[in-house]
Amino acid sequence: ANERGPLVLAAASLQDVLAAAALEWARQGHPQPILSFAGSSALARQIRAGAPADLFISADEDWMNVVEKAGSVQAGTRADIAGNRLVLVAPLHQPVRLAIASGMPIIRALGSSRLAMANPDSVPAGKYGKAALTKLGVWTGVAPKVVRAENVRAALALVERGEARLGIVYATDARASRKVRTVGVFPPGSHPPIRYPVARLMSSRHADAEGFRRFLLSPRGHAVLKRYGFTAP
Amino acid sequence: MAGLSPEEWIVLTLSLKVSLVAVTVSLPICFCIAWMLARWHFPGKLLVDALVHLPLVLPPVVTGWLLLLLFGMNGLIGRWLSDVFGVTLLFRWTGAALAAAIMAVPLMVRAIRLSIEAIDRRLESAAATLGASRLRIFLTISLPLALPGVLAAVVLGFARSLGEFGATITFVSDVPGETRTLPIAIYAAMQMPDGEPIVTRFAILSILLSLGALIVSEILVRRIARGGRHVI
Amino acid sequence: MAGLSPEEWIVLTLSLKVSLVAVTVSLPICFCIAWMLARWHFPGKLLVDALVHLPLVLPPVVTGWLLLLLFGMNGLIGRWLSDVFGVTLLFRWTGAALAAAIMAVPLMVRAIRLSIEAIDRRLESAAATLGASRLRIFLTISLPLALPGVLAAVVLGFARSLGEFGATITFVSDVPGETRTLPIAIYAAMQMPDGEPIVTRFAILSILLSLGALIVSEILVRRIARGGRHVI
Amino acid sequence: MSFDIDVKQTRSGRPITLFCRTDSPLVALVGPSGVGKTSILNMVAGITSPDQGHIIVAGQTLFDSDTGIDLKTARRQVGYVFQDRRLFPHLRVRANLAYGRRAAMSMDMDDVLAFLGIGHLLDRWPHSLSGGEAQRVAIGRALLSGPRFLLLDEPLSSIDRDRKAGILDAIDQIRRRSPIPILYVTHDVAEAERLSALIVTMHEED
Amino acid sequence: MSFDIDVKQTRSGRPITLFCRTDSPLVALVGPSGVGKTSILNMVAGITSPDQGHIIVAGQTLFDSDTGIDLKTARRQVGYVFQDRRLFPHLRVRANLAYGRRAAMSMDMDDVLAFLGIGHLLDRWPHSLSGGEAQRVAIGRALLSGPRFLLLDEPLSSIDRDRKAGILDAIDQIRRRSPIPILYVTHDVAEAERLSALIVTMHEED
Ligand SMILES: Nc1ncnc2c1ncn2[C@@H]1O[C@H](COP(=O)(O)OP(=O)(O)OP(=O)(O)O)[C@@H](O)[C@H]1O
Ligand SMILES: Nc1ncnc2c1ncn2[C@@H]1O[C@H](COP(=O)(O)OP(=O)(O)OP(=O)(O)O)[C@@H](O)[C@H]1O
Ligand code: MOO
Ligand SMILES: [Mg+2]
Ligand SMILES: [Mg+2]
């Protein structure tokens, strides 16, 4: 095997889990894939600018669609590696009681505080959150109370610090944080399915790229993802 | 690039307000720090100098995070501000101005310091022989002679504030009408698959704003240069 | 804060390399631009000035995006560089250095310009009467007299390069050992659930690096100040 | 007593000393270049401090190393014409002249403008003045500040003979009208004699 | 012919003119303050240009508005002692003196240091010099650059009588050994006569 592994462009929110998966893959005697993390949008732009990379793993379907439409994806290589759930979280020491349901009194639960979430117009986690709240009939009411963080982690940080009494993040984030507790899980039907698609890029030259892609889709790959709280796609 | 939508107007005026307040409030403080660094000798000087440069060295998100720790509702200063003055910075335009100011400080201090160090101090002693108090010497001699640096500081600080993103979004998030400045709106648009036209519009607005600031400053620089310059 | 792990070493040395190259390569260019803005009068001057300030005014991600458009494999300059010189910037440390340099330019140009404008031009004509060519006058009179600004530019530029994040990640992403500088490593750590200790370690490293740069610059400033200053 | 000066200061390793007690209202300080004349004026003006000694002018103690008195420059009410002029470059001639002007002034602005011949320069910037013009403006600025005593450091070095005579006449008149003490550095002994000054010569020490 | 100067320039709205054709190697330029003496020297040195006219020194045309000749300052090989000294503040005295020094030089460094009395100042920074010391260093710097002609703008204004005599003697000797033309601005007519100079007086025009 040659020294350098394939170059994988992946959404920043997948950092820890993909690092673990890459390690596992390397343990099987493959060169360690080089992981490059950034926002999905930045990665998609880099790919369109001709970035010489092997795999792209997006945080949502939209940016993968963009890349695919631009003709940067090898046909038949797109597949979903994992899914996720959306949860409502509160600071550990300021518990909030709220059952997630249609018309839930989220505004009262917030009081004078705010609801932290990723940007509902642009960031995947925010878009899912907005969809869910809309479906539950509370979006219009709560929208003025929303603070839009740069990404899910930043939203999580606001809740962790107690600066926002409630936040909407992925189940994987909530699970990883010791400073928040999960108030409730949004029912899967309340928002479009959360999926993380992978695809091999046209510029891919590395012999090992396809192998790693398949590994991520294999039971062993799924086991790693599951360990970090991701659901099956 | 036709007229602006009401939403765009809000972003534009907010950006202007945040930047102007950031520069106006930090300018005197920056001048004091620059003066201290240029004129005084004291044990912790290097530390102050390092502290001033910190927002430049750390990635903006870290600065924003530190601001959150300090000035959040649960932060040391944040709680005190809120208890004593009833002032909240978090998620408010004032917080955005604070973030912009902090990020502009290193640039402003350096520019002013350069000008203070270039002052011919013999002129200050000449003013003293004419009976001028220290305050008067400062106001009528030192300050005017440092004006090129002050002006450069204003331009740099204003431009930097207009462009500030990382610390702002980490500290005060993106609250439309309150903290959604031009860069934050631009960033949000960049996250959208077809946001590029919006990015372009807002970017052009930013450029026009700073161009306006530059023109004003150039006029002022020229006015200063009329006096005080050596010719031949 | 015990010894550094091999990975941390890589990030540290890469950051240093990127910043040093960014400052070293951009310094002469910045000096030329500063000279032009300080000394020449030409029609498009305001435009050049505005262009120089652009990286300050635009949010870094936009600058990164523009770099991507220009210097990417499909970009105008990127394709040319790759065809003619076989040079790729994308995902390479050279690209990170380019991003850092571009972001530092406005600060560096301003500092140098301030010092050039403060030069007593009568000294240059005195040198001419002593038979010095324009080049010699520049090298022996103008440049040394502008040294305080050049030094300030180096410090500001180095600090800014050390802290550069937004343009870098947008342009060259986060490739370990190639583009993963301190701020990018810090950002990555901030995205991880238990990243705070890593963030702190890296932040302290950044601060120590810049403190080192500051100490060196202070020593140089003092050495310059020995000559050339008016006393009393 | 107009001047009672006894000071010592070390400059570039060499000692600069002056001892001078006199009732003469005009003292001409002469001596070779580099001997320390300007250094003495700077001490009397309070710009630098003597290592030891005392400075008493017109009965007022400005400095005394024994009693620890060291009046601030701004409070000494000195009219100092610097050897290197020190006009304020960011102020026009008019504003330079007005800078130290006091309400209870002994001198008339128009008089001063007339005998210095600088009335036509009021709206000019200092950098556009000729050497002698700058020198005359510096004299005007010092005179108009209503000083208790004058320190003149080669004030006429760049001024032509005719004008010099006019200015010396004017200084003579100042002295007659309000007898303020003057300490005058010059290389021109004729000038000093013409003003019937007490001549104090400084010598190089070894 | 040493000097053939016929120039006109407008400064602050007033015309400055000089007409002077002479074989005398030493021309003393006198006239009231502000009449334009320094302006003339600046034109001869090529620092400013006349509006019209010509400047020919020792047979070489430096400027001619008719033929469009305008030699660059650096190529005029002038030794100019500025009224405002213009020592390089970032260079020590030694480096200031060496700045314009040419290999094929007519003057000996030690000689110059001796008659100017500045040998002990070589390691000093300009800002620490007294007025007269700075002036002497400026003279030294100009003499050591091996000039084809000298422009001296009140070079002795801050220098004491004894030293002045010594320097005048030295200039006299320079003249005798290698007869380079000298244009000398002074307010001291005695000085000019002592050097048996041709005295050219500039008058205010109305
Ligand atoms: N800042 C300084 N640092 C070191 N030495 C200095 C400084 N200022 C003056 N000196 C030295 O002190 C001595 C006295 O200087 P001063 O200016 O008082 O002389 P002076 O009598 O006024 O001479 P001149 O007639 O040439 O003006 C000189 O040898 C000078 O070189
Ligand atoms: N840069 C300038 N801008 C405008 N006017 C100037 C400038 N430089 C000199 N002048 C004016 O031109 C005239 C001649 O100046 P110049 O310096 O040649 O006089 P000078 O004969 O050398 O006088 P002095 O004996 O006082 O040095 C003066 O009236 C002066 O005010
Ligand atoms: O996974 Mo992201 O960082 O929300 O694009
Ligand atoms: Mg003196
Ligand atoms: Mg003159």
# chains A, B, ... in the order shown; residues from 1 in each chain; ligands from 1

$ residues_near_ligand --ligand "ligand 5" --cutoff "8 Å" --atoms "only C-alpha atoms and all ligand atoms" --output "ChimeraX atom specification"
/D:130-132,158 /E:33-34,36-39,83,153-154,185

$ residues_around --residues "stretch 202-215 of chain A" --least-positions-apart "4" --cutoff "10 Å" --atoms "only C-alpha atoms" --output "PyMOL selection string"
chain A and resi 1-2+4-8+21-22+24-26+30-33+47+50-57+68+71-75+77-79+81+198+219-222

$ interface_residues --of "chain C" --to "chain A" --cutoff "6 Å" --atoms "only C-alpha atoms" --output "list in words"
Gly72, Met73, Asn74, Thr170, Asp174, Val175, Gln191 and Pro193 of chain C

$ write_last_selection --atoms "N, CA, C and O atoms" --output "PDB file, in the first residue's frame"
ATOM      1  N   GLY C  72      -8.309  28.319  -7.780  1.00  0.00           N
ATOM      2  CA  GLY C  72      -8.666  26.904  -7.872  1.00  0.00           C
ATOM      3  C   GLY C  72      -8.169  26.320  -9.197  1.00  0.00           C
ATOM      4  O   GLY C  72      -7.716  27.050 -10.081  1.00  0.00           O
ATOM      5  N   MET C  73      -8.276  25.005  -9.337  1.00  0.00           N
ATOM      6  CA  MET C  73      -7.806  24.364 -10.570  1.00  0.00           C
ATOM      7  C   MET C  73      -8.545  24.894 -11.782  1.00  0.00           C
ATOM      8  O   MET C  73      -8.010  24.942 -12.874  1.00  0.00           O
ATOM      9  N   ASN C  74      -9.809  25.278 -11.568  1.00  0.00           N
ATOM     10  CA  ASN C  74     -10.587  25.790 -12.692  1.00  0.00           C
ATOM     11  C   ASN C  74     -10.566  27.314 -12.734  1.00  0.00           C
ATOM     12  O   ASN C  74     -11.226  27.933 -13.547  1.00  0.00           O
ATOM     13  N   THR C 170     -11.894  28.077   3.861  1.00  0.00           N
ATOM     14  CA  THR C 170     -12.734  28.130   2.672  1.00  0.00           C
ATOM     15  C   THR C 170     -11.928  27.837   1.414  1.00  0.00           C
ATOM     16  O   THR C 170     -12.412  27.233   0.474  1.00  0.00           O
ATOM     17  N   ASP C 174      -9.146  21.837   5.466  1.00  0.00           N
ATOM     18  CA  ASP C 174      -8.378  21.431   6.642  1.00  0.00           C
ATOM     19  C   ASP C 174      -7.705  20.104   6.313  1.00  0.00           C
ATOM     20  O   ASP C 174      -8.275  19.040   6.472  1.00  0.00           O
ATOM     21  N   VAL C 175      -6.497  20.191   5.770  1.00  0.00           N
ATOM     22  CA  VAL C 175      -5.776  18.974   5.423  1.00  0.00           C
ATOM     23  C   VAL C 175      -4.616  18.815   6.403  1.00  0.00           C
ATOM     24  O   VAL C 175      -3.695  19.630   6.410  1.00  0.00           O
ATOM     25  N   GLN C 191     -15.218  21.928  17.446  1.00  0.00           N
ATOM     26  CA  GLN C 191     -16.365  21.204  16.901  1.00  0.00           C
ATOM     27  C   GLN C 191     -16.554  19.857  17.580  1.00  0.00           C
ATOM     28  O   GLN C 191     -17.545  19.196  17.379  1.00  0.00           O
ATOM     29  N   PRO C 193     -16.886  17.253  20.813  1.00  0.00           N
ATOM     30  CA  PRO C 193     -17.536  17.302  22.124  1.00  0.00           C
ATOM     31  C   PRO C 193     -16.571  17.591  23.276  1.00  0.00           C
ATOM     32  O   PRO C 193     -16.865  18.406  24.135  1.00  0.00           O
TER      33      PRO C 193
END

$ residues_near_ligand --ligand "ligand 2" --cutoff "10 Å" --atoms "only C-alpha atoms and all ligand atoms" --output "PDB file with N, CA and C atoms, in the first residue's frame"
ATOM      1  N   ARG B 229       3.664  69.464   6.681  1.00  0.00           N
ATOM      2  CA  ARG B 229       4.552  68.593   5.896  1.00  0.00           C
ATOM      3  C   ARG B 229       5.766  69.367   5.415  1.00  0.00           C
ATOM      4  N   HIS B 230       6.861  68.664   5.355  1.00  0.00           N
ATOM      5  CA  HIS B 230       8.044  69.276   4.795  1.00  0.00           C
ATOM      6  C   HIS B 230       7.983  69.162   3.283  1.00  0.00           C
ATOM      7  N   VAL B 231       8.344  70.232   2.631  1.00  0.00           N
ATOM      8  CA  VAL B 231       8.360  70.169   1.177  1.00  0.00           C
ATOM      9  C   VAL B 231       9.807  70.266   0.713  1.00  0.00           C
ATOM     10  N   ILE B 232      10.047  70.014  -0.531  1.00  0.00           N
ATOM     11  CA  ILE B 232      11.374  69.988  -1.168  1.00  0.00           C
ATOM     12  C   ILE B 232      12.182  68.809  -0.653  1.00  0.00           C
TER      13      ILE B 232
ATOM     14  N   HIS D 120       3.329  89.982   7.204  1.00  0.00           N
ATOM     15  CA  HIS D 120       2.832  89.385   5.959  1.00  0.00           C
ATOM     16  C   HIS D 120       2.883  87.863   5.991  1.00  0.00           C
ATOM     17  N   LEU D 121       3.391  87.315   7.077  1.00  0.00           N
ATOM     18  CA  LEU D 121       3.558  85.856   7.119  1.00  0.00           C
ATOM     19  C   LEU D 121       2.475  85.145   7.917  1.00  0.00           C
ATOM     20  N   ARG D 124       0.879  81.903   6.742  1.00  0.00           N
ATOM     21  CA  ARG D 124       1.772  80.888   6.165  1.00  0.00           C
ATOM     22  C   ARG D 124       1.974  79.714   7.112  1.00  0.00           C
ATOM     23  N   TRP D 125       2.303  78.541   6.522  1.00  0.00           N
ATOM     24  CA  TRP D 125       2.703  77.391   7.330  1.00  0.00           C
ATOM     25  C   TRP D 125       4.195  77.492   7.616  1.00  0.00           C
ATOM     26  N   PRO D 126       4.619  77.060   8.788  1.00  0.00           N
ATOM     27  CA  PRO D 126       6.041  77.155   9.146  1.00  0.00           C
ATOM     28  C   PRO D 126       6.990  76.553   8.108  1.00  0.00           C
ATOM     29  N   HIS D 127       6.582  75.423   7.480  1.00  0.00           N
ATOM     30  CA  HIS D 127       7.531  74.779   6.570  1.00  0.00           C
ATOM     31  C   HIS D 127       7.822  75.624   5.348  1.00  0.00           C
ATOM     32  N   SER D 128       7.010  76.637   5.111  1.00  0.00           N
ATOM     33  CA  SER D 128       7.241  77.462   3.928  1.00  0.00           C
ATOM     34  C   SER D 128       8.037  78.717   4.257  1.00  0.00           C
ATOM     35  N   LEU D 129       8.501  78.858   5.485  1.00  0.00           N
ATOM     36  CA  LEU D 129       9.254  80.062   5.848  1.00  0.00           C
ATOM     37  C   LEU D 129      10.732  79.906   5.522  1.00  0.00           C
ATOM     38  N   SER D 130      11.392  81.022   5.230  1.00  0.00           N
ATOM     39  CA  SER D 130      12.844  80.985   5.076  1.00  0.00           C
ATOM     40  C   SER D 130      13.464  80.904   6.470  1.00  0.00           C
ATOM     41  N   GLY D 131      14.778  80.626   6.531  1.00  0.00           N
ATOM     42  CA  GLY D 131      15.438  80.470   7.815  1.00  0.00           C
ATOM     43  C   GLY D 131      15.244  81.672   8.732  1.00  0.00           C
ATOM     44  N   GLY D 132      15.473  82.844   8.190  1.00  0.00           N
ATOM     45  CA  GLY D 132      15.357  84.054   9.007  1.00  0.00           C
ATOM     46  C   GLY D 132      13.921  84.356   9.378  1.00  0.00           C
ATOM     47  N   GLU D 133      13.011  84.045   8.483  1.00  0.00           N
ATOM     48  CA  GLU D 133      11.595  84.273   8.789  1.00  0.00           C
ATOM     49  C   GLU D 133      11.161  83.404   9.967  1.00  0.00           C
ATOM     50  N   ALA D 134      11.574  82.132   9.933  1.00  0.00           N
ATOM     51  CA  ALA D 134      11.221  81.223  11.015  1.00  0.00           C
ATOM     52  C   ALA D 134      11.805  81.721  12.337  1.00  0.00           C
ATOM     53  N   GLN D 135      13.038  82.222  12.263  1.00  0.00           N
ATOM     54  CA  GLN D 135      13.680  82.714  13.471  1.00  0.00           C
ATOM     55  C   GLN D 135      12.924  83.902  14.058  1.00  0.00           C
ATOM     56  N   ARG D 136      12.475  84.772  13.201  1.00  0.00           N
ATOM     57  CA  ARG D 136      11.747  85.946  13.691  1.00  0.00           C
ATOM     58  C   ARG D 136      10.395  85.557  14.282  1.00  0.00           C
ATOM     59  N   SER D 157      20.932  84.703  14.499  1.00  0.00           N
ATOM     60  CA  SER D 157      21.986  84.108  13.686  1.00  0.00           C
ATOM     61  C   SER D 157      21.679  84.132  12.197  1.00  0.00           C
ATOM     62  N   SER D 158      20.411  84.072  11.826  1.00  0.00           N
ATOM     63  CA  SER D 158      20.077  84.029  10.395  1.00  0.00           C
ATOM     64  C   SER D 158      19.403  85.317   9.933  1.00  0.00           C
ATOM     65  N   ILE D 159      19.709  86.403  10.630  1.00  0.00           N
ATOM     66  CA  ILE D 159      18.988  87.623  10.299  1.00  0.00           C
ATOM     67  C   ILE D 159      19.965  88.691   9.817  1.00  0.00           C
ATOM     68  N   ASP D 160      19.551  89.397   8.768  1.00  0.00           N
ATOM     69  CA  ASP D 160      20.464  90.344   8.139  1.00  0.00           C
ATOM     70  C   ASP D 160      20.717  91.560   9.029  1.00  0.00           C
TER      71      ASP D 160
ATOM     72  N   GLN E   9      12.179  82.498 -10.534  1.00  0.00           N
ATOM     73  CA  GLN E   9      11.271  81.522  -9.933  1.00  0.00           C
ATOM     74  C   GLN E   9      10.267  82.281  -9.083  1.00  0.00           C
ATOM     75  N   THR E  10       9.026  81.791  -9.054  1.00  0.00           N
ATOM     76  CA  THR E  10       8.019  82.466  -8.230  1.00  0.00           C
ATOM     77  C   THR E  10       7.730  81.630  -6.988  1.00  0.00           C
ATOM     78  N   ARG E  11       7.857  82.262  -5.834  1.00  0.00           N
ATOM     79  CA  ARG E  11       7.698  81.602  -4.538  1.00  0.00           C
ATOM     80  C   ARG E  11       6.690  82.389  -3.717  1.00  0.00           C
ATOM     81  N   SER E  12       5.640  81.760  -3.267  1.00  0.00           N
ATOM     82  CA  SER E  12       4.629  82.459  -2.481  1.00  0.00           C
ATOM     83  C   SER E  12       4.171  83.723  -3.190  1.00  0.00           C
ATOM     84  N   GLY E  13       4.066  83.643  -4.505  1.00  0.00           N
ATOM     85  CA  GLY E  13       3.547  84.770  -5.286  1.00  0.00           C
ATOM     86  C   GLY E  13       4.573  85.830  -5.619  1.00  0.00           C
ATOM     87  N   ARG E  14       5.729  85.817  -4.926  1.00  0.00           N
ATOM     88  CA  ARG E  14       6.733  86.838  -5.217  1.00  0.00           C
ATOM     89  C   ARG E  14       7.820  86.270  -6.111  1.00  0.00           C
ATOM     90  N   PRO E  15       8.341  87.078  -7.044  1.00  0.00           N
ATOM     91  CA  PRO E  15       9.379  86.560  -7.930  1.00  0.00           C
ATOM     92  C   PRO E  15      10.747  86.577  -7.254  1.00  0.00           C
ATOM     93  N   ILE E  16      11.508  85.543  -7.513  1.00  0.00           N
ATOM     94  CA  ILE E  16      12.891  85.504  -7.037  1.00  0.00           C
ATOM     95  C   ILE E  16      13.760  85.453  -8.287  1.00  0.00           C
ATOM     96  N   LEU E  29      26.583  85.732  -1.480  1.00  0.00           N
ATOM     97  CA  LEU E  29      25.222  86.151  -1.774  1.00  0.00           C
ATOM     98  C   LEU E  29      24.663  86.761  -0.502  1.00  0.00           C
ATOM     99  N   VAL E  30      24.366  88.058  -0.548  1.00  0.00           N
ATOM    100  CA  VAL E  30      23.803  88.690   0.645  1.00  0.00           C
ATOM    101  C   VAL E  30      22.466  89.312   0.297  1.00  0.00           C
ATOM    102  N   GLY E  31      21.723  89.647   1.324  1.00  0.00           N
ATOM    103  CA  GLY E  31      20.409  90.229   1.095  1.00  0.00           C
ATOM    104  C   GLY E  31      19.520  89.946   2.292  1.00  0.00           C
ATOM    105  N   PRO E  32      18.455  90.715   2.400  1.00  0.00           N
ATOM    106  CA  PRO E  32      17.610  90.576   3.579  1.00  0.00           C
ATOM    107  C   PRO E  32      16.985  89.178   3.675  1.00  0.00           C
ATOM    108  N   SER E  33      16.591  88.837   4.868  1.00  0.00           N
ATOM    109  CA  SER E  33      15.947  87.553   5.129  1.00  0.00           C
ATOM    110  C   SER E  33      14.680  87.399   4.293  1.00  0.00           C
ATOM    111  N   GLY E  34      14.536  86.300   3.650  1.00  0.00           N
ATOM    112  CA  GLY E  34      13.329  86.030   2.873  1.00  0.00           C
ATOM    113  C   GLY E  34      13.403  86.521   1.449  1.00  0.00           C
ATOM    114  N   VAL E  35      14.572  87.062   1.048  1.00  0.00           N
ATOM    115  CA  VAL E  35      14.667  87.630  -0.299  1.00  0.00           C
ATOM    116  C   VAL E  35      14.809  86.515  -1.342  1.00  0.00           C
ATOM    117  N   GLY E  36      15.328  85.360  -0.927  1.00  0.00           N
ATOM    118  CA  GLY E  36      15.397  84.265  -1.891  1.00  0.00           C
ATOM    119  C   GLY E  36      16.766  83.640  -2.045  1.00  0.00           C
ATOM    120  N   LYS E  37      17.642  83.845  -1.087  1.00  0.00           N
ATOM    121  CA  LYS E  37      19.003  83.313  -1.202  1.00  0.00           C
ATOM    122  C   LYS E  37      18.996  81.777  -1.203  1.00  0.00           C
ATOM    123  N   THR E  38      18.292  81.214  -0.217  1.00  0.00           N
ATOM    124  CA  THR E  38      18.219  79.752  -0.148  1.00  0.00           C
ATOM    125  C   THR E  38      17.552  79.194  -1.403  1.00  0.00           C
ATOM    126  N   SER E  39      16.540  79.907  -1.884  1.00  0.00           N
ATOM    127  CA  SER E  39      15.860  79.461  -3.102  1.00  0.00           C
ATOM    128  C   SER E  39      16.830  79.378  -4.268  1.00  0.00           C
ATOM    129  N   ILE E  40      17.730  80.338  -4.375  1.00  0.00           N
ATOM    130  CA  ILE E  40      18.727  80.326  -5.448  1.00  0.00           C
ATOM    131  C   ILE E  40      19.628  79.092  -5.323  1.00  0.00           C
ATOM    132  N   LEU E  41      20.120  78.856  -4.103  1.00  0.00           N
ATOM    133  CA  LEU E  41      20.996  77.689  -3.912  1.00  0.00           C
ATOM    134  C   LEU E  41      20.259  76.404  -4.279  1.00  0.00           C
ATOM    135  N   ASN E  42      18.976  76.312  -3.885  1.00  0.00           N
ATOM    136  CA  ASN E  42      18.207  75.104  -4.214  1.00  0.00           C
ATOM    137  C   ASN E  42      18.129  74.896  -5.724  1.00  0.00           C
ATOM    138  N   MET E  43      17.999  76.008  -6.450  1.00  0.00           N
ATOM    139  CA  MET E  43      17.950  75.887  -7.915  1.00  0.00           C
ATOM    140  C   MET E  43      19.297  75.431  -8.471  1.00  0.00           C
ATOM    141  N   GLN E  83      21.043  75.348   5.054  1.00  0.00           N
ATOM    142  CA  GLN E  83      20.775  76.250   6.171  1.00  0.00           C
ATOM    143  C   GLN E  83      20.218  75.445   7.363  1.00  0.00           C
ATOM    144  N   ASP E  84      19.422  74.412   7.055  1.00  0.00           N
ATOM    145  CA  ASP E  84      18.850  73.598   8.136  1.00  0.00           C
ATOM    146  C   ASP E  84      19.595  72.271   8.301  1.00  0.00           C
ATOM    147  N   ASP E 153      25.163  77.720   2.782  1.00  0.00           N
ATOM    148  CA  ASP E 153      24.055  78.591   3.204  1.00  0.00           C
ATOM    149  C   ASP E 153      24.228  78.955   4.674  1.00  0.00           C
ATOM    150  N   GLU E 154      24.784  80.102   4.926  1.00  0.00           N
ATOM    151  CA  GLU E 154      25.095  80.550   6.292  1.00  0.00           C
ATOM    152  C   GLU E 154      25.770  79.437   7.073  1.00  0.00           C
ATOM    153  N   VAL E 185      26.248  82.034   1.084  1.00  0.00           N
ATOM    154  CA  VAL E 185      25.234  82.948   1.625  1.00  0.00           C
ATOM    155  C   VAL E 185      25.648  83.359   3.023  1.00  0.00           C
ATOM    156  N   THR E 186      25.670  84.647   3.276  1.00  0.00           N
ATOM    157  CA  THR E 186      26.023  85.114   4.620  1.00  0.00           C
ATOM    158  C   THR E 186      25.323  86.428   4.934  1.00  0.00           C
ATOM    159  N   HIS E 187      25.188  86.695   6.219  1.00  0.00           N
ATOM    160  CA  HIS E 187      24.693  88.011   6.630  1.00  0.00           C
ATOM    161  C   HIS E 187      25.828  88.870   7.113  1.00  0.00           C
ATOM    162  N   MET E 202      21.080  90.684  -3.140  1.00  0.00           N
ATOM    163  CA  MET E 202      19.719  90.515  -3.664  1.00  0.00           C
ATOM    164  C   MET E 202      18.801  91.510  -2.971  1.00  0.00           C
ATOM    165  N   HIS E 203      17.901  92.099  -3.749  1.00  0.00           N
ATOM    166  CA  HIS E 203      16.977  93.087  -3.189  1.00  0.00           C
ATOM    167  C   HIS E 203      15.542  92.603  -3.303  1.00  0.00           C
ATOM    168  N   GLU E 204      14.749  93.068  -2.387  1.00  0.00           N
ATOM    169  CA  GLU E 204      13.307  92.771  -2.485  1.00  0.00           C
ATOM    170  C   GLU E 204      12.747  93.477  -3.706  1.00  0.00           C
TER     171      GLU E 204
END

$ atom_distance --atom1 "atom CA of D:Ala45" --atom2 "atom CA of D:Thr61"
12.1 Å

$ residues_around --residues "stretch 50-52 of chain E" --least-positions-apart "4" --cutoff "6 Å" --atoms "only C-alpha atoms" --output "number ranges by chain"
E: 7-9, 65

$ write_last_selection --atoms "C-alpha atoms" --output "compact mmCIF listing (two decimals), in the first residue's frame"
# COMPACT_ATOMS: atom_id res chain seq x y z
CA VAL E 7 17.17 82.49 -13.17
CA LYS E 8 13.64 83.36 -12.24
CA GLN E 9 11.27 81.52 -9.93
CA SER E 65 15.12 76.24 -19.98

$ residues_around --residues "D:Tyr80" --least-positions-apart "4" --cutoff "12 Å" --atoms "only C-alpha atoms" --output "MDAnalysis selection string"
(chainID B and resid 125:131) or (chainID D and resid 38 41:47 73:74 76 84:87 100 135 138:155 182:185)
